[in-house]
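Asks: So that we are looking at the same thing, I have put the structure below in C-alpha cells.
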Amino acid sequence: MNTRELFYRYLAQTSSFPLALEIERAEGMYMYGRDGKKYLDLISGISVSALGHRHPEIIRSVKDQLDHYMHLMVYGEFVQSPQVELARLLTDNLPPELDNVYLVNSGSEAVEGALKLAKRYTGRHNVVAFTNAYHGSSHGSLSVTGSEPFKRAFRPLLPNVYHIPFGDQASLELVDENTACVIAETIQGEAGAVVPGEAFMKALRGRCDQTGALLILDEIQAGLGRTGKLWAFEHYGIVPDILTLAKGLGGGLPLGAFIAPRHIMSVLTSEPVLGHITTFGGNAVCAAAAGACLGVIIRDRLWLNARAQGEIIKKQLSSSEYLKVRGKGLMVAVELESPEVCRELIVKCLERGLLTDWFLFADNCMRIAPPLLITEKEVLRACVIILDSVKEIYS
C-alpha cells in the first residue's frame with residue numbers, strides 16, 4: 001500500500017471528507033506536495049505555525065536543546081532552563097498580576113487546568129460559558145464549549161455549566177456568588193472570528209469583580225499577536241484572572257499554558273498535593289521552541305504586521321459583493337451565502353495553490369489565519385486567488 005492508502009486504513013478519521021493532501025515538506029509560508037505543487041498556507045495549522053514553517057530560530061533552539069536533553073520530569077521538581085526562561089519571557093510581557101505559569105500539552109489541557117484552578121480557589125461549583133464558544137474536545141473543555149450539536153453525543157458532561165449569549169450584557173446577571181468562573185474566548189474562534197464590543201468585555205470583567213467569580217480568558221487562538229495586539233485582551237483594557245494559551249505558543253510543537261497570579265495558582269500545591277499534574281507538559285524541547293517563537297514575536301513586534309496585513313485583507317476582499325469580512329488582525333472570517341459555496345471556494349483556492357479552511361461552528365465562513373510574518377505581496381496574491389475563485393463560482 002502507498003502512503004495515501006495507509007492513511008485511510010490506519011489513521012483515525014474525524015470526517016468523511018479529509019483534504020488528504022500529501023505534504024512532503026514545508027518552509028516559511030509554503031507547503032509542498034509530493035507532486036511538487038506549492039501551496040501558500042493561509043491557516044498556519046489553525047493558528048499554530050505563528051512564524052511559518054521551520055523558522056530558523058525555532059529550528060536552532062530545538063537542535064540546541066536536543067544536544068542537552070529531551071525529557072526529564074515536568075512536575076516542577078527539576079529546574080529546567082527552557083521552562084524557566086519561557087515562563088519569565090511570558091510574565092515579563094504580561095500584566096504584573098499574571099506572574100505564575102503552568103505549562104501543559106495543549107489548549108484543551110490548559111482549559112482543564114484553568115477550570116480546576118478556579119473551582120479550587122473559589123470553592124464554588126458553577127461555571128458560566130458562552131454559546132458558540134470553542135474551548136477543546138476533552139470532557140471538561142467540551143462541557144464549556146458552546147455548540148450543542150458538537151457535544152450532544154458525548155453527554156453527560158460536567159454539571160453546573162451554564163451558557164449565555166456572547167456579547168449580551170444583560171445575560172451577565174447569571175453570574176452570581178455561586179459562580180466559580182466565567183470562561184470566554186476574548187475573540188471567538190470557531191464561531192467565525194466574532195469580535196465582542198468593548199462595553200460588553202468591560203461589563204464582563206466588572207460582573208466577575210462584583211461577584212468574586214474568576215474570569216478565564218481563552219486566547220488559545222487569539223493570543224500571541226494574532227489580533228493586532230500581543231494579547232487580545234489589550235483591545236479592551238481588561239486583565240483576566242486566568243489566561244489560557246496554546247496553538248502558536250509552541251511554534252509548531254505541542255505546548256499550552258494557563259497563567260494566573262501566584263496566590264491563585266498556589267492552591268494547587270496542597271489539599272491535595274499535586275493538584276494538577278502533567279507528564280509531558282513543558283517538555284524541554286517544546287519549551288525551547290516556544291521561547292524562540294515568542295522571542296521573535298516580541299522582538300519583531302509581529303502583532304503590528306498582523307494588524308497591517310489584516311487591514312489589507314479586509315479592504316481587498318470587501319470589494320466583492322459576495323463576501324462579508326470580519327475579525328481582527330490575522331484572525332479573519334470571510335462569510336459566504338452558504339456552507340456549500342464556502343466549500344466550493346475552499347476547493348477552488350486549493351486548486352490554485354492556496355490553502356484555506358472553514359470554522360467548526362460557522363461552516364459558511366472561510367478561515368484566514370496565516371503566519372504572522374506574511375508579507376503584503378503574499379497577502380495580495382492570496383486575495384487575488386480568492387477573488388478570482390469567487391468570480392468563477394458566480395460567473
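By convention in this document, the chains of the C-alpha cells carry letters A, B, ... by their order, each chain's residues are numbered from 1, and ligands are numbered from 1 in the order they are shown.
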So which bits of region 292-381 of chain A end up strand (DSSP E or B) when you DSSP the backbone, as JSON, numbers by chain?
Replies: {"A": [324, 325, 326, 327, 328, 331, 332, 333, 334, 335, 354, 355, 357, 358, 359, 362, 363, 364, 365, 366, 367, 368]}
Asks: Can you list every residue of region 77-103 of chain A that has an atom at most 9 Å from region 268-289 of chain A, with its nearest atom pair and the distance in Å to one decimal, using only C-alpha atoms, ordered by chain then number, as JSON lines?
Replies:
```
{"residue": "A:Gln80", "atom": "CA", "partner": "A:Ala284", "partner_atom": "CA", "distance": 7.2}
{"residue": "A:Ser81", "atom": "CA", "partner": "A:Ala284", "partner_atom": "CA", "distance": 8.1}
{"residue": "A:Pro82", "atom": "CA", "partner": "A:Ala288", "partner_atom": "CA", "distance": 5.1}
{"residue": "A:Gln83", "atom": "CA", "partner": "A:Ala287", "partner_atom": "CA", "distance": 5.6}
{"residue": "A:Val84", "atom": "CA", "partner": "A:Ala287", "partner_atom": "CA", "distance": 9.0}
{"residue": "A:Glu85", "atom": "CA", "partner": "A:Ala288", "partner_atom": "CA", "distance": 8.6}
{"residue": "A:Leu86", "atom": "CA", "partner": "A:Ala287", "partner_atom": "CA", "distance": 6.6}
{"residue": "A:Tyr102", "atom": "CA", "partner": "A:Gly282", "partner_atom": "CA", "distance": 8.2}
{"residue": "A:Leu103", "atom": "CA", "partner": "A:Gly282", "partner_atom": "CA", "distance": 4.9}
```
Asks: Given the selection you just returned, output its residues as a file containing C-alpha atoms, formatted as a PDB file, in the first residue's frame.
Replies:
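The resulting file, out-v2.pdb, is shown below:
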```pdb
ATOM      1  CA  GLN A  80      14.915  23.199  33.622  1.00  0.00           C
ATOM      2  CA  SER A  81      16.154  26.316  31.871  1.00  0.00           C
ATOM      3  CA  PRO A  82      13.817  26.103  28.811  1.00  0.00           C
ATOM      4  CA  GLN A  83      10.790  26.138  31.128  1.00  0.00           C
ATOM      5  CA  VAL A  84      12.167  28.854  33.380  1.00  0.00           C
ATOM      6  CA  GLU A  85      13.194  31.121  30.514  1.00  0.00           C
ATOM      7  CA  LEU A  86       9.845  30.707  28.756  1.00  0.00           C
ATOM      8  CA  TYR A 102       1.679  26.264  34.444  1.00  0.00           C
ATOM      9  CA  LEU A 103       2.895  24.582  31.238  1.00  0.00           C
TER      10      LEU A 103
END
```
Asks: Identify, on the basis of only C-alpha atoms, every residue whose closest approach to Ser318 (chain A) does not exceed 12 Å; exclude the query and any residue fewer than 6 positions from it along the same chain; express the result as an mmCIF file with N, CA and C atoms, in the first residue's frame.
Replies:
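Listed below is the output, part-v2.cif:
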```cif
data_model
loop_
_atom_site.group_PDB
_atom_site.id
_atom_site.type_symbol
_atom_site.label_atom_id
_atom_site.label_comp_id
_atom_site.auth_asym_id
_atom_site.auth_seq_id
_atom_site.Cartn_x
_atom_site.Cartn_y
_atom_site.Cartn_z
ATOM 1 N N GLY A 310 -3.889 42.364 8.096
ATOM 2 C CA GLY A 310 -5.317 42.120 8.281
ATOM 3 C C GLY A 310 -6.172 43.201 7.667
ATOM 4 N N GLU A 311 -5.725 44.436 7.768
ATOM 5 C CA GLU A 311 -6.474 45.545 7.155
ATOM 6 C C GLU A 311 -6.467 45.445 5.632
ATOM 7 N N ILE A 312 -5.347 45.023 5.064
ATOM 8 C CA ILE A 312 -5.281 44.843 3.615
ATOM 9 C C ILE A 312 -6.246 43.741 3.176
ATOM 10 N N LYS A 324 -18.491 38.916 3.013
ATOM 11 C CA LYS A 324 -18.534 39.756 4.208
ATOM 12 C C LYS A 324 -17.340 39.365 5.068
ATOM 13 N N VAL A 325 -16.563 40.347 5.459
ATOM 14 C CA VAL A 325 -15.304 40.073 6.152
ATOM 15 C C VAL A 325 -15.347 40.648 7.559
ATOM 16 N N ARG A 326 -14.902 39.845 8.542
ATOM 17 C CA ARG A 326 -14.848 40.336 9.920
ATOM 18 C C ARG A 326 -13.628 39.729 10.621
ATOM 19 N N ALA A 333 -12.552 36.010 9.351
ATOM 20 C CA ALA A 333 -13.572 35.153 8.761
ATOM 21 C C ALA A 333 -14.145 35.840 7.535
ATOM 22 N N VAL A 334 -14.277 35.077 6.460
ATOM 23 C CA VAL A 334 -14.892 35.569 5.225
ATOM 24 C C VAL A 334 -16.217 34.834 5.062
ATOM 25 N N GLU A 335 -17.299 35.546 5.264
ATOM 26 C CA GLU A 335 -18.621 34.924 5.258
ATOM 27 C C GLU A 335 -19.180 34.851 3.838
ATOM 28 N N LEU A 336 -19.733 33.673 3.501
ATOM 29 C CA LEU A 336 -20.365 33.455 2.206
ATOM 30 C C LEU A 336 -21.836 33.102 2.410
ATOM 31 N N CYS A 383 -5.351 37.250 -1.878
ATOM 32 C CA CYS A 383 -6.627 37.925 -2.132
ATOM 33 C C CYS A 383 -7.034 37.813 -3.599
ATOM 34 N N ILE A 386 -8.481 34.355 -4.086
ATOM 35 C CA ILE A 386 -9.820 34.253 -3.509
ATOM 36 C C ILE A 386 -10.837 34.971 -4.388
ATOM 37 N N LEU A 387 -10.520 36.176 -4.808
ATOM 38 C CA LEU A 387 -11.465 36.960 -5.612
ATOM 39 C C LEU A 387 -11.687 36.318 -6.982
#
```
Asks: With a distance cut-off of 9 Å and only C-alpha atoms, select the neighbouring residues of Leu230 (chain A), excluding the residue or stretch itself and same-chain residues fewer than 6 positions from it, and output the selection as a ChimeraX atom specification.
Replies: /A:93,223-224,297-298,301-304
Asks: The selected residues should be written to file as a PDB file, in the first residue's frame (atoms: C-alpha atoms).
Replies:
```pdb
ATOM      1  CA  ASN A  93       5.282  40.652  28.735  1.00  0.00           C
ATOM      2  CA  GLY A 223      -3.257  35.449  21.701  1.00  0.00           C
ATOM      3  CA  LEU A 224       0.404  35.905  20.795  1.00  0.00           C
ATOM      4  CA  ILE A 297       7.132  37.724  18.029  1.00  0.00           C
ATOM      5  CA  ILE A 298       8.099  40.192  20.758  1.00  0.00           C
ATOM      6  CA  ARG A 301       6.551  43.225  17.160  1.00  0.00           C
ATOM      7  CA  LEU A 302       4.771  40.924  14.746  1.00  0.00           C
ATOM      8  CA  TRP A 303       1.358  41.979  16.031  1.00  0.00           C
ATOM      9  CA  LEU A 304       1.912  45.194  14.062  1.00  0.00           C
TER      10      LEU A 304
END
```
Asks: Might you pull out every residue within 10 Å of Glu109 (chain A), with only C-alpha atoms counted and same-chain residues fewer than 2 positions away left off, and present them as a ChimeraX atom specification?
Replies: /A:103-107,111-115,135-138,140-141,244-246,255-258,278,281
Asks: With a distance cut-off of 8 Å and only C-alpha atoms, select the neighbouring residues of Gly252 (chain A), excluding the residue or stretch itself and same-chain residues fewer than 2 positions from it, and output the selection as a PyMOL selection string.
Replies: chain A and resi 48-50+53+247-248+250+254+289
Asks: Between A:His235, A:Arg54, A:His139, A:Arg226, single out the one closest to Ser108 (chain A), counting only C-alpha atoms.
Replies: A:His139
Asks: What's around Gly28 (chain A) at 10 Å? Count only C-alpha atoms, leave out sequence neighbours fewer than 4 positions away in its own chain, and write the answer as an MDAnalysis selection string.
Replies: chainID A and resid 40:41 49 51:56 371 373:374
Asks: Counting only C-alpha atoms, which of A:Lys348, A:Arg124, A:Arg381, A:Lys328 gets nearest to Ala193 (chain A)?
Replies: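 Checking each candidate against Ala193 (chain A), we get A:Lys328 as the closest.
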Asks: Can you work out the spacing between CA of Leu11 (chain A) and CA of Leu354 (chain A) in Å, to one decimal?
Replies: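 Interatomic distance here is 25.2 Å.
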